[in-house]
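Single-structure report; data block below.
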Amino acid sequence: MTTPADVGRHQHHVDPSELVALGAYRREVLERIEPLEPLALGVLEAHGCVLAEDVVAPAAVPGFDNSAMDGYAVRATDAPVDAELEVVGELAAGAGAGHEVGPGQAVRIMTGAPLPVGADAVVPVEVADEHEGRVRLRRAAAAGDNVRPAGEDVAAGDMVLRAGRRLGAADVGMLAAVGQAGVRVHPSPRVVVMSTGDELADPTAPLAAGQIRDSNSFTLAAQAREAGAVAYRQARVADDAQALRRAVEGALAHADLLVTTGGVSAGRYDLVKEVLAAMGDVRARKVGMQPGMPQAFGFVGPMPCFGLPGNPVSAFVSFEVLVRPAIRRLQARADLNRPRVEAVLDDAVASPPHKVSFLRVRLHRRDDGWHARPTGPQGSGILRSVVDAHGLAEVPTDRQRVQPGEALTVHLLGDGV
Ligand code: AMP
Ligand code: MG
């Protein structure tokens, strides 16, 4: 047996009675989040959003009988094999009405052109030989051959898309096909991501003694985008009540949700929870999860606010577990969670009591299914082990040790393994 990857090496000492269970906390948070008010957006802008109204086609698609092939529009009764017909005109796609096919006649026709009056079939150009104004058919035509009847795609009055559906690429095309300029959807939430801490520096700034680079505002803004939000990064607010208050007021003016990082644990300069509590009903809690125990959540005015801890992995994991589903709820999405798989653990791991822990793992596909292996040291400052991970394996509260061969649920990060 290998040494267990210990997820709780730098455990905060915590009285279990102070902890709120992760499942209960998550439900409490999500119950307070409502989908954003629907907005009319252009059909392409609405791509990826959840539809807030049923869409009914006002007219048939296609609106007229038309040719499915390049060829000759004919009357089927005049078109046995070897028939020879007089070519009396030509119709391209986009042509209006005009030609008529009488007995013994044919009209040269292109794909999408309206079927001329009198014709009821199209003979493909590949089986017809035209010569000096006459065409000979090498194949007989039956009524309806290669004709797309009006309404074959959508009939007038058909319900084409239902409220609650997330608009994919084909849906956007369908909206255009039935003549919708715009559509009412739940818009993408605007999320402000705010990093706090006197020690933080920009990626390219020279580092003074004791300074570190602010990575969380980048990570979290990218996670917000992955969740479907429009993310704004408000970097490096100082550990100063005035500065924090002003920054939160700024966010309030244009954000549907605020995510802060840092300043919610037990240090002297952890002011975020106090400032948010004073501005609204934000409450700091100790949540039974590892990493990510110190959490704050509540509202400042209409804006839901998450105060996440500052350690990079704590911030990352808390976002995945708590903020991502909240962002999806704002979008009225049904799929709040990442896809998950069951995987057999290949290494032993230890997990703290009273907490759900999330292990960074790589997945491997074997004959008997998925296998997971921790990516390395699991400290909450080790971002590298998130970079290397395919997913987060969830170890439930009641398991302090997981042995090789035991199965865990793995929440997949990104688009695949
Ligand atoms: P805090 O939650 O403010 O006590 O921060 C906990 C740890 O996370 C400290 O070591 C911080 O320096 C670090 N930290 C806080 N904010 C960030 C950030 N934006 N990017 C990277 N590390 C951070
Ligand atoms: Mg701090």
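Chain labels run A, B, ... following the order of the structure tokens; each chain numbers its residues from 1, and ligands are numbered from 1 in the order shown.
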
Excluding same-chain residues fewer than 6 positions from region 144-156 of chain A, what lies within 6 Å of it counting only C-alpha atoms, as a list in words?
Ala57, Pro58, Ala59, Ala60, Val61, Pro62, Gly63, Phe64, Asp65, Asn66, Ser67, Ala68, Asp120, Ala121 and Val122 of chain A

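Residues lying within 8 Å of Leu30 (chain A), counting only C-alpha atoms and ignoring same-chain neighbours fewer than 5 positions away, are Pro325, Ala326 and Arg329 of chain A.
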
Ligand 1: which residues are within 9 Å, counting only C-alpha atoms and all ligand atoms? Reply as number ranges by chain.
A: 194-201, 211-219, 235-236, 239, 260-267, 269-272, 294, 308-315, 380-381

At a cut-off of 7 Å, using only C-alpha atoms, what residues contact region 92-107 of chain A? Leave out same-chain residues fewer than 6 positions from it and give the result as a list of chain:residue names.
A:Tyr72, A:Ala73, A:Val74, A:Asp78, A:Leu85, A:Glu86, A:Ala113, A:Pro116, A:Val117, A:Gly118, A:Ala119

Selection export as a JSON list (two decimals), in the first residue's frame, atoms kept: N, CA, C and O atoms:
[["chain", "number", "residue", "atom", "x", "y", "z"],
["A", 72, "TYR", "N", -35.04, 18.31, -64.10],
["A", 72, "TYR", "CA", -36.15, 18.76, -64.96],
["A", 72, "TYR", "C", -37.46, 18.53, -64.24],
["A", 72, "TYR", "O", -37.74, 17.41, -63.79],
["A", 73, "ALA", "N", -38.24, 19.60, -64.16],
["A", 73, "ALA", "CA", -39.58, 19.49, -63.59],
["A", 73, "ALA", "C", -40.50, 18.96, -64.67],
["A", 73, "ALA", "O", -40.53, 19.50, -65.79],
["A", 74, "VAL", "N", -41.23, 17.90, -64.34],
["A", 74, "VAL", "CA", -42.07, 17.23, -65.36],
["A", 74, "VAL", "C", -43.43, 16.87, -64.76],
["A", 74, "VAL", "O", -43.64, 16.98, -63.56],
["A", 78, "ASP", "N", -46.43, 12.14, -68.00],
["A", 78, "ASP", "CA", -45.76, 12.27, -69.29],
["A", 78, "ASP", "C", -44.34, 11.74, -69.27],
["A", 78, "ASP", "O", -43.57, 12.00, -70.19],
["A", 85, "LEU", "N", -39.15, 15.23, -73.91],
["A", 85, "LEU", "CA", -40.01, 16.36, -73.58],
["A", 85, "LEU", "C", -39.37, 17.64, -74.10],
["A", 85, "LEU", "O", -38.15, 17.74, -74.24],
["A", 86, "GLU", "N", -40.25, 18.61, -74.35],
["A", 86, "GLU", "CA", -39.78, 19.91, -74.81],
["A", 86, "GLU", "C", -39.39, 20.77, -73.59],
["A", 86, "GLU", "O", -40.17, 20.89, -72.65],
["A", 113, "ALA", "N", -35.50, 25.72, -56.25],
["A", 113, "ALA", "CA", -36.41, 26.56, -57.04],
["A", 113, "ALA", "C", -37.85, 26.06, -56.88],
["A", 113, "ALA", "O", -38.09, 24.87, -56.71],
["A", 116, "PRO", "N", -42.72, 24.45, -60.82],
["A", 116, "PRO", "CA", -43.64, 25.21, -61.68],
["A", 116, "PRO", "C", -45.04, 24.58, -61.69],
["A", 116, "PRO", "O", -45.19, 23.39, -61.43],
["A", 117, "VAL", "N", -46.01, 25.43, -61.98],
["A", 117, "VAL", "CA", -47.39, 24.96, -62.08],
["A", 117, "VAL", "C", -47.46, 23.83, -63.11],
["A", 117, "VAL", "O", -46.81, 23.90, -64.16],
["A", 118, "GLY", "N", -48.20, 22.81, -62.78],
["A", 118, "GLY", "CA", -48.37, 21.68, -63.71],
["A", 118, "GLY", "C", -47.42, 20.54, -63.44],
["A", 118, "GLY", "O", -47.75, 19.39, -63.71],
["A", 119, "ALA", "N", -46.24, 20.82, -62.91],
["A", 119, "ALA", "CA", -45.26, 19.76, -62.66],
["A", 119, "ALA", "C", -45.54, 19.10, -61.32],
["A", 119, "ALA", "O", -46.05, 19.74, -60.40]]

Based on the backbone DSSP call, show me all residues of region 63-222 of chain A assigned strand (DSSP E), as an mmCIF file with N, CA, C and O atoms, in the first residue's frame.
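Output file part-v2.cif follows:
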data_model
loop_
_atom_site.group_PDB
_atom_site.id
_atom_site.type_symbol
_atom_site.label_atom_id
_atom_site.label_comp_id
_atom_site.auth_asym_id
_atom_site.auth_seq_id
_atom_site.Cartn_x
_atom_site.Cartn_y
_atom_site.Cartn_z
ATOM 1 N N ASN A 66 -40.845 22.723 -53.697
ATOM 2 C CA ASN A 66 -39.646 23.081 -54.447
ATOM 3 C C ASN A 66 -38.828 21.851 -54.793
ATOM 4 O O ASN A 66 -39.068 20.751 -54.280
ATOM 5 N N SER A 67 -37.871 22.067 -55.660
ATOM 6 C CA SER A 67 -37.094 20.938 -56.164
ATOM 7 C C SER A 67 -35.981 20.550 -55.188
ATOM 8 O O SER A 67 -35.278 21.409 -54.658
ATOM 9 N N GLY A 71 -32.349 19.408 -62.059
ATOM 10 C CA GLY A 71 -32.894 18.457 -63.037
ATOM 11 C C GLY A 71 -33.986 19.081 -63.877
ATOM 12 O O GLY A 71 -33.892 20.251 -64.263
ATOM 13 N N TYR A 72 -35.045 18.309 -64.096
ATOM 14 C CA TYR A 72 -36.155 18.764 -64.963
ATOM 15 C C TYR A 72 -37.462 18.527 -64.243
ATOM 16 O O TYR A 72 -37.742 17.409 -63.794
ATOM 17 N N ALA A 73 -38.243 19.605 -64.156
ATOM 18 C CA ALA A 73 -39.579 19.489 -63.586
ATOM 19 C C ALA A 73 -40.502 18.957 -64.675
ATOM 20 O O ALA A 73 -40.529 19.498 -65.791
ATOM 21 N N VAL A 74 -41.231 17.899 -64.342
ATOM 22 C CA VAL A 74 -42.071 17.230 -65.355
ATOM 23 C C VAL A 74 -43.429 16.875 -64.761
ATOM 24 O O VAL A 74 -43.643 16.976 -63.560
ATOM 25 N N GLU A 84 -39.444 11.820 -74.298
ATOM 26 C CA GLU A 84 -38.720 12.989 -74.765
ATOM 27 C C GLU A 84 -39.644 14.185 -74.620
ATOM 28 O O GLU A 84 -40.773 14.158 -75.103
ATOM 29 N N LEU A 85 -39.150 15.225 -73.909
ATOM 30 C CA LEU A 85 -40.006 16.363 -73.584
ATOM 31 C C LEU A 85 -39.373 17.643 -74.102
ATOM 32 O O LEU A 85 -38.154 17.737 -74.237
ATOM 33 N N GLU A 86 -40.251 18.607 -74.347
ATOM 34 C CA GLU A 86 -39.779 19.912 -74.812
ATOM 35 C C GLU A 86 -39.391 20.770 -73.586
ATOM 36 O O GLU A 86 -40.175 20.891 -72.649
ATOM 37 N N VAL A 87 -38.168 21.330 -73.613
ATOM 38 C CA VAL A 87 -37.730 22.175 -72.486
ATOM 39 C C VAL A 87 -38.224 23.598 -72.738
ATOM 40 O O VAL A 87 -37.795 24.246 -73.695
ATOM 41 N N VAL A 88 -39.137 24.075 -71.881
ATOM 42 C CA VAL A 88 -39.781 25.369 -72.156
ATOM 43 C C VAL A 88 -39.268 26.498 -71.264
ATOM 44 O O VAL A 88 -39.740 27.624 -71.365
ATOM 45 N N GLY A 89 -38.289 26.211 -70.412
ATOM 46 C CA GLY A 89 -37.771 27.307 -69.574
ATOM 47 C C GLY A 89 -36.830 26.788 -68.510
ATOM 48 O O GLY A 89 -36.485 25.607 -68.487
ATOM 49 N N GLU A 90 -36.435 27.722 -67.685
ATOM 50 C CA GLU A 90 -35.464 27.370 -66.632
ATOM 51 C C GLU A 90 -35.829 28.111 -65.347
ATOM 52 O O GLU A 90 -36.216 29.275 -65.377
ATOM 53 N N LEU A 91 -35.681 27.425 -64.197
ATOM 54 C CA LEU A 91 -35.950 28.036 -62.884
ATOM 55 C C LEU A 91 -34.757 27.828 -61.965
ATOM 56 O O LEU A 91 -34.363 26.694 -61.691
ATOM 57 N N GLN A 105 -44.115 18.682 -71.866
ATOM 58 C CA GLN A 105 -43.114 19.720 -71.591
ATOM 59 C C GLN A 105 -42.330 19.428 -70.309
ATOM 60 O O GLN A 105 -42.760 18.648 -69.462
ATOM 61 N N ALA A 106 -41.174 20.119 -70.211
ATOM 62 C CA ALA A 106 -40.356 20.064 -68.999
ATOM 63 C C ALA A 106 -39.745 21.449 -68.776
ATOM 64 O O ALA A 106 -39.632 22.226 -69.721
ATOM 65 N N VAL A 107 -39.386 21.757 -67.524
ATOM 66 C CA VAL A 107 -38.677 22.992 -67.210
ATOM 67 C C VAL A 107 -37.379 22.610 -66.502
ATOM 68 O O VAL A 107 -37.402 21.796 -65.577
ATOM 69 N N ARG A 108 -36.272 23.172 -67.002
ATOM 70 C CA ARG A 108 -34.987 22.946 -66.331
ATOM 71 C C ARG A 108 -35.070 23.617 -64.953
ATOM 72 O O ARG A 108 -35.489 24.770 -64.841
ATOM 73 N N ILE A 109 -34.696 22.891 -63.902
ATOM 74 C CA ILE A 109 -34.908 23.433 -62.542
ATOM 75 C C ILE A 109 -33.699 23.144 -61.660
ATOM 76 O O ILE A 109 -33.040 22.111 -61.808
ATOM 77 N N ALA A 121 -43.115 16.316 -60.414
ATOM 78 C CA ALA A 121 -41.930 15.498 -60.141
ATOM 79 C C ALA A 121 -40.720 16.175 -60.762
ATOM 80 O O ALA A 121 -40.847 17.014 -61.661
ATOM 81 N N VAL A 122 -39.532 15.798 -60.249
ATOM 82 C CA VAL A 122 -38.285 16.301 -60.825
ATOM 83 C C VAL A 122 -37.430 15.103 -61.209
ATOM 84 O O VAL A 122 -37.238 14.186 -60.409
ATOM 85 N N VAL A 123 -36.937 15.123 -62.440
ATOM 86 C CA VAL A 123 -36.012 14.082 -62.904
ATOM 87 C C VAL A 123 -34.595 14.643 -62.771
ATOM 88 O O VAL A 123 -34.303 15.704 -63.326
ATOM 89 N N PRO A 124 -33.731 13.970 -62.041
ATOM 90 C CA PRO A 124 -32.383 14.512 -61.822
ATOM 91 C C PRO A 124 -31.606 14.670 -63.131
ATOM 92 O O PRO A 124 -31.756 13.862 -64.054
ATOM 93 N N ALA A 128 -30.869 12.486 -67.308
ATOM 94 C CA ALA A 128 -31.563 13.148 -68.413
ATOM 95 C C ALA A 128 -30.529 13.671 -69.401
ATOM 96 O O ALA A 128 -29.455 14.101 -69.003
ATOM 97 N N ASP A 129 -30.872 13.620 -70.692
ATOM 98 C CA ASP A 129 -29.958 14.132 -71.711
ATOM 99 C C ASP A 129 -30.683 15.214 -72.484
ATOM 100 O O ASP A 129 -31.687 14.933 -73.147
ATOM 101 N N GLU A 130 -30.157 16.435 -72.386
ATOM 102 C CA GLU A 130 -30.805 17.532 -73.089
ATOM 103 C C GLU A 130 -30.043 17.818 -74.372
ATOM 104 O O GLU A 130 -28.813 17.884 -74.384
ATOM 105 N N HIS A 131 -30.802 18.020 -75.436
ATOM 106 C CA HIS A 131 -30.181 18.275 -76.732
ATOM 107 C C HIS A 131 -31.118 19.135 -77.561
ATOM 108 O O HIS A 131 -32.269 18.751 -77.811
ATOM 109 N N ARG A 134 -34.693 19.785 -76.326
ATOM 110 C CA ARG A 134 -35.505 18.631 -75.908
ATOM 111 C C ARG A 134 -34.704 17.805 -74.900
ATOM 112 O O ARG A 134 -33.479 17.791 -74.934
ATOM 113 N N VAL A 135 -35.402 17.163 -74.022
ATOM 114 C CA VAL A 135 -34.724 16.338 -73.023
ATOM 115 C C VAL A 135 -35.291 14.916 -73.052
ATOM 116 O O VAL A 135 -36.498 14.710 -73.143
ATOM 117 N N ARG A 136 -34.364 13.963 -73.011
ATOM 118 C CA ARG A 136 -34.781 12.547 -73.012
ATOM 119 C C ARG A 136 -34.515 11.988 -71.612
ATOM 120 O O ARG A 136 -33.446 12.195 -71.043
ATOM 121 N N LEU A 137 -35.485 11.294 -71.036
ATOM 122 C CA LEU A 137 -35.375 10.797 -69.656
ATOM 123 C C LEU A 137 -34.895 9.355 -69.680
ATOM 124 O O LEU A 137 -35.524 8.510 -70.323
ATOM 125 N N VAL A 147 -39.338 16.108 -54.990
ATOM 126 C CA VAL A 147 -40.049 17.344 -54.668
ATOM 127 C C VAL A 147 -40.108 17.469 -53.147
ATOM 128 O O VAL A 147 -40.428 16.495 -52.462
ATOM 129 N N ARG A 148 -39.745 18.656 -52.633
ATOM 130 C CA ARG A 148 -39.888 18.925 -51.201
ATOM 131 C C ARG A 148 -41.182 19.703 -51.022
ATOM 132 O O ARG A 148 -41.268 20.879 -51.414
ATOM 133 N N MET A 159 -45.268 23.951 -32.897
ATOM 134 C CA MET A 159 -44.384 24.391 -31.801
ATOM 135 C C MET A 159 -42.990 23.872 -32.134
ATOM 136 O O MET A 159 -42.783 22.657 -32.188
ATOM 137 N N VAL A 160 -42.073 24.766 -32.426
ATOM 138 C CA VAL A 160 -40.738 24.291 -32.830
ATOM 139 C C VAL A 160 -39.757 24.180 -31.666
ATOM 140 O O VAL A 160 -38.879 23.317 -31.671
ATOM 141 N N LEU A 161 -39.869 25.049 -30.662
ATOM 142 C CA LEU A 161 -38.962 24.996 -29.508
ATOM 143 C C LEU A 161 -39.771 25.338 -28.257
ATOM 144 O O LEU A 161 -40.595 26.247 -28.276
ATOM 145 N N GLY A 182 -35.584 37.883 -32.816
ATOM 146 C CA GLY A 182 -35.085 37.765 -31.450
ATOM 147 C C GLY A 182 -35.940 36.780 -30.678
ATOM 148 O O GLY A 182 -36.943 36.272 -31.196
ATOM 149 N N VAL A 183 -35.532 36.515 -29.449
ATOM 150 C CA VAL A 183 -36.235 35.515 -28.669
ATOM 151 C C VAL A 183 -35.999 35.820 -27.190
ATOM 152 O O VAL A 183 -34.970 36.397 -26.829
ATOM 153 N N ARG A 184 -36.969 35.468 -26.352
ATOM 154 C CA ARG A 184 -36.802 35.742 -24.915
ATOM 155 C C ARG A 184 -36.082 34.588 -24.228
ATOM 156 O O ARG A 184 -36.533 33.449 -24.285
ATOM 157 N N VAL A 185 -34.968 34.917 -23.607
ATOM 158 C CA VAL A 185 -34.154 33.901 -22.926
ATOM 159 C C VAL A 185 -33.715 34.437 -21.563
ATOM 160 O O VAL A 185 -33.772 35.639 -21.305
ATOM 161 N N HIS A 186 -33.255 33.509 -20.716
ATOM 162 C CA HIS A 186 -32.563 33.912 -19.486
ATOM 163 C C HIS A 186 -31.128 34.250 -19.881
ATOM 164 O O HIS A 186 -30.435 33.400 -20.420
ATOM 165 N N ARG A 190 -23.786 38.194 -15.360
ATOM 166 C CA ARG A 190 -22.540 38.973 -15.279
ATOM 167 C C ARG A 190 -21.955 38.755 -13.896
ATOM 168 O O ARG A 190 -22.616 39.037 -12.889
ATOM 169 N N VAL A 191 -20.775 38.191 -13.875
ATOM 170 C CA VAL A 191 -20.152 37.820 -12.601
ATOM 171 C C VAL A 191 -18.910 38.670 -12.377
ATOM 172 O O VAL A 191 -18.023 38.707 -13.240
ATOM 173 N N VAL A 192 -18.858 39.362 -11.252
ATOM 174 C CA VAL A 192 -17.635 40.077 -10.880
ATOM 175 C C VAL A 192 -16.824 39.185 -9.942
ATOM 176 O O VAL A 192 -17.345 38.664 -8.955
ATOM 177 N N VAL A 193 -15.564 38.995 -10.318
ATOM 178 C CA VAL A 193 -14.641 38.200 -9.505
ATOM 179 C C VAL A 193 -13.644 39.168 -8.876
ATOM 180 O O VAL A 193 -12.960 39.907 -9.589
ATOM 181 N N MET A 194 -13.591 39.178 -7.561
ATOM 182 C CA MET A 194 -12.785 40.169 -6.852
ATOM 183 C C MET A 194 -11.762 39.461 -5.963
ATOM 184 O O MET A 194 -12.140 38.684 -5.100
ATOM 185 N N SER A 195 -10.484 39.731 -6.210
ATOM 186 C CA SER A 195 -9.469 39.169 -5.318
ATOM 187 C C SER A 195 -9.116 40.212 -4.267
ATOM 188 O O SER A 195 -9.050 41.406 -4.559
ATOM 189 N N THR A 196 -8.932 39.761 -3.049
ATOM 190 C CA THR A 196 -8.607 40.679 -1.955
ATOM 191 C C THR A 196 -7.340 40.219 -1.243
ATOM 192 O O THR A 196 -7.074 39.025 -1.150
ATOM 193 N N LEU A 200 -1.134 40.788 -2.646
ATOM 194 C CA LEU A 200 -1.293 40.364 -4.040
ATOM 195 C C LEU A 200 -0.639 41.317 -5.027
ATOM 196 O O LEU A 200 -0.687 42.534 -4.861
ATOM 197 N N ALA A 201 -0.055 40.732 -6.076
ATOM 198 C CA ALA A 201 0.554 41.519 -7.150
ATOM 199 C C ALA A 201 0.048 40.999 -8.496
ATOM 200 O O ALA A 201 -0.310 39.829 -8.632
ATOM 201 N N ILE A 212 2.828 37.876 -3.334
ATOM 202 C CA ILE A 212 2.587 36.738 -4.234
ATOM 203 C C ILE A 212 1.749 37.237 -5.401
ATOM 204 O O ILE A 212 1.130 38.297 -5.319
ATOM 205 N N ARG A 213 1.743 36.462 -6.447
ATOM 206 C CA ARG A 213 0.934 36.856 -7.594
ATOM 207 C C ARG A 213 -0.521 36.475 -7.351
ATOM 208 O O ARG A 213 -0.808 35.424 -6.797
#

How would you write, as a PyMOL selection string, the set of residues in region 144-292 of chain A that DSSP gives as helix (DSSP H, G or I)?
chain A and resi 169-177+216-226+241-252+272-279

Those same residues - C-alpha atoms - I'd like them written as an mmCIF file, in the first residue's frame.
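New file selection_13.cif:
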data_model
loop_
_atom_site.group_PDB
_atom_site.id
_atom_site.type_symbol
_atom_site.label_atom_id
_atom_site.label_comp_id
_atom_site.auth_asym_id
_atom_site.auth_seq_id
_atom_site.Cartn_x
_atom_site.Cartn_y
_atom_site.Cartn_z
ATOM 1 C CA ALA A 169 -26.661 25.707 -32.862
ATOM 2 C CA ALA A 170 -29.499 23.963 -34.732
ATOM 3 C CA ASP A 171 -32.049 25.757 -32.522
ATOM 4 C CA VAL A 172 -30.547 29.122 -33.471
ATOM 5 C CA GLY A 173 -30.903 28.091 -37.131
ATOM 6 C CA MET A 174 -34.507 27.014 -36.571
ATOM 7 C CA LEU A 175 -35.365 30.389 -35.018
ATOM 8 C CA ALA A 176 -33.980 32.081 -38.126
ATOM 9 C CA ALA A 177 -35.792 29.590 -40.398
ATOM 10 C CA ASN A 216 -7.295 33.431 -8.040
ATOM 11 C CA SER A 217 -8.928 36.298 -9.899
ATOM 12 C CA PHE A 218 -7.783 34.669 -13.141
ATOM 13 C CA THR A 219 -8.735 31.127 -12.167
ATOM 14 C CA LEU A 220 -12.160 32.134 -10.890
ATOM 15 C CA ALA A 221 -12.953 34.396 -13.836
ATOM 16 C CA ALA A 222 -12.093 31.502 -16.154
ATOM 17 C CA GLN A 223 -14.269 29.148 -14.099
ATOM 18 C CA ALA A 224 -17.124 31.661 -14.284
ATOM 19 C CA ARG A 225 -16.776 31.654 -18.071
ATOM 20 C CA GLU A 226 -16.751 27.864 -18.140
ATOM 21 C CA ALA A 241 -12.803 48.030 4.916
ATOM 22 C CA GLN A 242 -13.251 51.281 2.967
ATOM 23 C CA ALA A 243 -11.643 49.915 -0.176
ATOM 24 C CA LEU A 244 -13.650 46.685 0.041
ATOM 25 C CA ARG A 245 -16.917 48.526 0.541
ATOM 26 C CA ARG A 246 -16.262 50.759 -2.454
ATOM 27 C CA ALA A 247 -15.327 47.788 -4.631
ATOM 28 C CA VAL A 248 -18.492 45.908 -3.654
ATOM 29 C CA GLU A 249 -20.610 48.987 -4.384
ATOM 30 C CA GLY A 250 -18.963 49.138 -7.796
ATOM 31 C CA ALA A 251 -19.860 45.514 -8.464
ATOM 32 C CA LEU A 252 -23.436 46.084 -7.323
ATOM 33 C CA VAL A 272 -14.373 40.571 3.649
ATOM 34 C CA LYS A 273 -16.936 38.728 5.724
ATOM 35 C CA GLU A 274 -17.451 41.736 8.001
ATOM 36 C CA VAL A 275 -17.792 44.200 5.158
ATOM 37 C CA LEU A 276 -20.244 41.985 3.244
ATOM 38 C CA ALA A 277 -22.212 41.274 6.432
ATOM 39 C CA ALA A 278 -22.515 45.007 7.094
ATOM 40 C CA MET A 279 -23.643 45.739 3.537
#

Measure the distance from CA of Thr111 (chain A) to CA of Leu167 (chain A) in Å and round it to one decimal.
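CA of Thr111 (chain A) sits 29.2 Å away from CA of Leu167 (chain A).
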
Residue nearest ligand 2 among A:Ala208, A:Ala24, A:Leu41, A:Val237 (counting only C-alpha atoms and all ligand atoms)
A:Val237

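When only C-alpha atoms are used to measure the gap to Ala76 (chain A), the shortest distance among A:Leu412, A:Ala140, A:Leu383, A:Leu336 belongs to A:Ala140.
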
Residue nearest Gln290 (chain A) - candidates A:Glu394, A:Asp15, A:Asp82, A:Glu45, atoms counted: only C-alpha atoms
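Of all the options, A:Glu394 lies closest to Gln290 (chain A).
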